[in-house]
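> This is the structure I have questions about; it appears just below.
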Amino acid sequence: GRVAVTFDDGPSQFTPTLLDTLSRYGVKVTFFIVGSMIEDNTQVLLRAYSEGHQIGLHTWSHANLNSLSESSIRQEMEETSDAVARVIGRRPRYMRCPYEACNERVLKILAEMDYQPVGWSLDTDDWRTLSSDHTIKAYENTLNDKSEGFISLQHDIYQSTVEAAPRIIETIRARGFETSIVADCLND
C-alpha cells in the first residue's frame, strides 16, 4: 500500500528542517499551502517544489469555506493560486479545505474552478497534542488496521511534527508501505 504523507498550513520556519529530513530519506510529500504564509517563505516554497514535492492549495487565510460567499471562496483560491504560481510557475489543481469544511455548495464552486479537493484518512491530531509520540502512535494504529493505502494529515507549522518526520517515515516503511505524493496515491 501507499501512504500519501501531507502537510498543511505552511510553509513555515520549520519547513526547511522537514525538507532536509525528506531529502535524507528520499521521500516526496504533498504540501497544502496557505497563501498568506508564502511571502515570508518564498524560498522555502520554491525549494519544496524544486525538490519534487507536490504543492496543493489550502486557501489564502485558512478560512472556513462553508461560511464564505461564493466571491470570497473564489478570491481565497485565486489569490493563493496566483501567489503559488508566481513562485513555482504553475497552478496546483489539488486543494484541501481548512477544517474539512467543504459542503456541497463549496464543492460545486471548487469544481467550477477546476480544483480537486483532497481529504485524509489519518488525522494525526498533531495540532491538538503537539506530541511527536502521539503522532507516531496515530500512524502505528492506522497501519495496523489498513492494508490499502491512505492519506495522512499533519502540519509543518509545528516543531513537534517536523521532529517526528524521521520516525513517521521509518514507521511507514517498517510496515511495508511506500510513501507517495497525493497525485500518485490517487493514480492521477
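In the C-alpha cells, chains take letters A, B, ... by order of appearance, with residues numbered from 1 within each chain and ligands from 1 in the order shown.
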Find the residues around A:Gly26 up to 12 Å (only C-alpha atoms counted), leave out those fewer than 6 positions away in its own chain, and share them as a list of chain:residue names.
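Final neighbour list, sorted by chain and number: A:Leu19, A:Asp20, A:Glu51, A:Gly52, A:His53, A:Pro166, A:Ile169, A:Glu170, A:Glu178, A:Thr179, A:Ser180.
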> Give me the residues of stretch 27-61 of chain A that have any atom at most 12 Å from an atom of stretch 134-157 of chain A; for each, the nearest atom pair and the distance in Å, rounded to one decimal. Use only C-alpha atoms, sort by chain and number, and format it as a Markdown table.

```
| residue | atom | partner | partner_atom | distance |
| --- | --- | --- | --- | --- |
| A:Val29 | CA | A:Ser152 | CA | 10.2 |
| A:Thr30 | CA | A:Leu153 | CA | 9.9 |
| A:Phe31 | CA | A:Asp156 | CA | 8.6 |
| A:Phe32 | CA | A:His155 | CA | 9.2 |
| A:Ile33 | CA | A:Asp156 | CA | 10.0 |
| A:Val34 | CA | A:Ile157 | CA | 10.9 |
| A:Met37 | CA | A:Ile157 | CA | 10.3 |
| A:Asn41 | CA | A:Ile157 | CA | 12.0 |
| A:Val44 | CA | A:Asp156 | CA | 11.8 |
| A:His58 | CA | A:His155 | CA | 11.7 |
```
> Stretch 71-78 of chain A: which residues within 9 Å, counting only C-alpha atoms, same-chain residues fewer than 5 positions away excluded, as a list in words?
Gly35, Leu57, His58, Thr59, Trp60, Ser61, His62, Ala63, Leu65, Asn66, Ala83, Met95, Val106, Ile109, Leu110 and Met113 of chain A
> Hey, what's within 8 Å of A:Leu22 if we count only C-alpha atoms and toss same-chain stuff fewer than 5 positions away? As a ChimeraX atom specification, please?
/A:27-28,165
> Please, could you write that set of residues out with N, CA and C atoms as a PDB file, in the first residue's frame?

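Once written, part07.pdb looks like this:
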```pdb
ATOM      1  N   VAL A  27      12.172  10.884   0.312  1.00  0.00           N
ATOM      2  CA  VAL A  27      10.705  10.842   0.365  1.00  0.00           C
ATOM      3  C   VAL A  27      10.130  12.122  -0.240  1.00  0.00           C
ATOM      4  N   LYS A  28       9.073  11.954  -1.035  1.00  0.00           N
ATOM      5  CA  LYS A  28       8.319  13.085  -1.581  1.00  0.00           C
ATOM      6  C   LYS A  28       6.952  13.124  -0.902  1.00  0.00           C
ATOM      7  N   ALA A 165       9.099  13.540  11.881  1.00  0.00           N
ATOM      8  CA  ALA A 165       9.168  13.096  10.480  1.00  0.00           C
ATOM      9  C   ALA A 165      10.047  11.862  10.254  1.00  0.00           C
TER      10      ALA A 165
END
```
> Could you tell me, as a PDB file with C-alpha atoms, in the first residue's frame, which residues of chain A DSSP assigns to strand (DSSP E or B) when given the backbone?

```
ATOM      1  CA  ARG A   2       0.881   3.628  -0.386  1.00  0.00           C
ATOM      2  CA  VAL A   3       0.732   6.402   2.164  1.00  0.00           C
ATOM      3  CA  ALA A   4       0.400   9.912   0.788  1.00  0.00           C
ATOM      4  CA  VAL A   5       2.016  11.989   3.511  1.00  0.00           C
ATOM      5  CA  THR A   6       0.645  15.538   3.544  1.00  0.00           C
ATOM      6  CA  PHE A   7       1.498  18.694   5.467  1.00  0.00           C
ATOM      7  CA  ASP A   8      -0.902  21.637   5.819  1.00  0.00           C
ATOM      8  CA  THR A  30       2.371  16.910  -0.660  1.00  0.00           C
ATOM      9  CA  PHE A  31       2.255  20.353   0.927  1.00  0.00           C
ATOM     10  CA  PHE A  32      -1.086  22.185   1.120  1.00  0.00           C
ATOM     11  CA  ILE A  33      -0.021  25.831   1.211  1.00  0.00           C
ATOM     12  CA  GLN A  54       3.718  18.211  -4.748  1.00  0.00           C
ATOM     13  CA  ILE A  55       2.190  21.596  -3.977  1.00  0.00           C
ATOM     14  CA  GLY A  56      -1.523  21.962  -3.273  1.00  0.00           C
ATOM     15  CA  LEU A  57      -3.606  24.899  -2.078  1.00  0.00           C
ATOM     16  CA  TYR A  94      -5.313  19.859  -5.755  1.00  0.00           C
ATOM     17  CA  MET A  95      -6.592  21.712  -2.722  1.00  0.00           C
ATOM     18  CA  GLN A 116      -9.819  18.691  -6.855  1.00  0.00           C
ATOM     19  CA  PRO A 117     -10.376  18.696  -3.076  1.00  0.00           C
ATOM     20  CA  LEU A 122      -5.451   9.573   9.021  1.00  0.00           C
ATOM     21  CA  ASP A 123      -5.583  12.755  11.081  1.00  0.00           C
ATOM     22  CA  PHE A 150      -4.241   6.104   2.845  1.00  0.00           C
ATOM     23  CA  ILE A 151      -3.668   9.846   3.027  1.00  0.00           C
ATOM     24  CA  SER A 152      -2.248  11.257   6.254  1.00  0.00           C
ATOM     25  CA  LEU A 153      -2.603  14.777   7.624  1.00  0.00           C
ATOM     26  CA  GLN A 154      -0.097  16.673   9.678  1.00  0.00           C
ATOM     27  CA  HIS A 155       1.096  20.286   9.830  1.00  0.00           C
ATOM     28  CA  GLU A 178       5.567   3.179   0.479  1.00  0.00           C
ATOM     29  CA  THR A 179       5.339   6.933   0.808  1.00  0.00           C
ATOM     30  CA  SER A 180       3.984   8.953  -2.101  1.00  0.00           C
TER      31      SER A 180
END
```
> Record the distance separating atom CA of A:Ser36 and atom CA of A:Arg86, expressed in Å with one decimal.
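Between atom CA of A:Ser36 and atom CA of A:Arg86 the gap is 13.5 Å.
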> So how far away is atom CA of A:Pro98 from atom CA of A:Ser50, in Å?
25.3 Å
> Quick one: distance from atom CA of A:Ile172 to atom CA of A:Trp127 in Å, one decimal?
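Separation between atom CA of A:Ile172 and atom CA of A:Trp127: 20.4 Å.
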> Quick check for you: according to DSSP on this backbone, which residues of chain A are classed as alpha helix (DSSP H)? Reply as an NGL selection string.
:A and (15-25 or 42-50 or 70-88 or 104-112 or 126-129 or 132-145 or 159-174 or 182-185)
> Would you kindly return, as a PyMOL selection string, each protein, DNA or RNA residue with an atom no farther than 10 Å from any atom of A:Ser160, considering only C-alpha atoms and excluding same-chain residues fewer than 6 positions away?
chain A and resi 14+126-127+129-135
> Would you put the residues from that selection into a file with N, CA and C atoms, as a JSON list (two decimals), in the first residue's frame?

```json
[["chain", "number", "residue", "atom", "x", "y", "z"],
["A", 14, "PHE", "N", 9.72, 25.98, 10.19],
["A", 14, "PHE", "CA", 10.12, 24.59, 10.44],
["A", 14, "PHE", "C", 10.21, 23.77, 9.15],
["A", 126, "ASP", "N", -1.86, 16.24, 15.30],
["A", 126, "ASP", "CA", -0.62, 16.87, 15.77],
["A", 126, "ASP", "C", -0.85, 18.30, 16.27],
["A", 127, "TRP", "N", -1.83, 18.98, 15.71],
["A", 127, "TRP", "CA", -2.12, 20.36, 16.10],
["A", 127, "TRP", "C", -2.71, 20.43, 17.51],
["A", 129, "THR", "N", -2.22, 17.85, 19.99],
["A", 129, "THR", "CA", -1.37, 17.24, 21.02],
["A", 129, "THR", "C", 0.02, 17.84, 21.08],
["A", 130, "LEU", "N", 0.53, 18.35, 19.92],
["A", 130, "LEU", "CA", 1.90, 18.84, 19.83],
["A", 130, "LEU", "C", 2.88, 17.82, 20.41],
["A", 131, "SER", "N", 2.61, 16.55, 20.12],
["A", 131, "SER", "CA", 3.41, 15.45, 20.66],
["A", 131, "SER", "C", 3.89, 14.55, 19.53],
["A", 132, "SER", "N", 5.21, 14.44, 19.38],
["A", 132, "SER", "CA", 5.77, 13.53, 18.37],
["A", 132, "SER", "C", 5.32, 12.10, 18.64],
["A", 133, "ASP", "N", 5.32, 11.70, 19.91],
["A", 133, "ASP", "CA", 4.93, 10.33, 20.25],
["A", 133, "ASP", "C", 3.49, 10.05, 19.87],
["A", 134, "HIS", "N", 2.60, 11.01, 20.10],
["A", 134, "HIS", "CA", 1.19, 10.83, 19.73],
["A", 134, "HIS", "C", 1.05, 10.68, 18.22],
["A", 135, "THR", "N", 1.81, 11.48, 17.47],
["A", 135, "THR", "CA", 1.76, 11.41, 16.01],
["A", 135, "THR", "C", 2.18, 10.02, 15.53]]
```
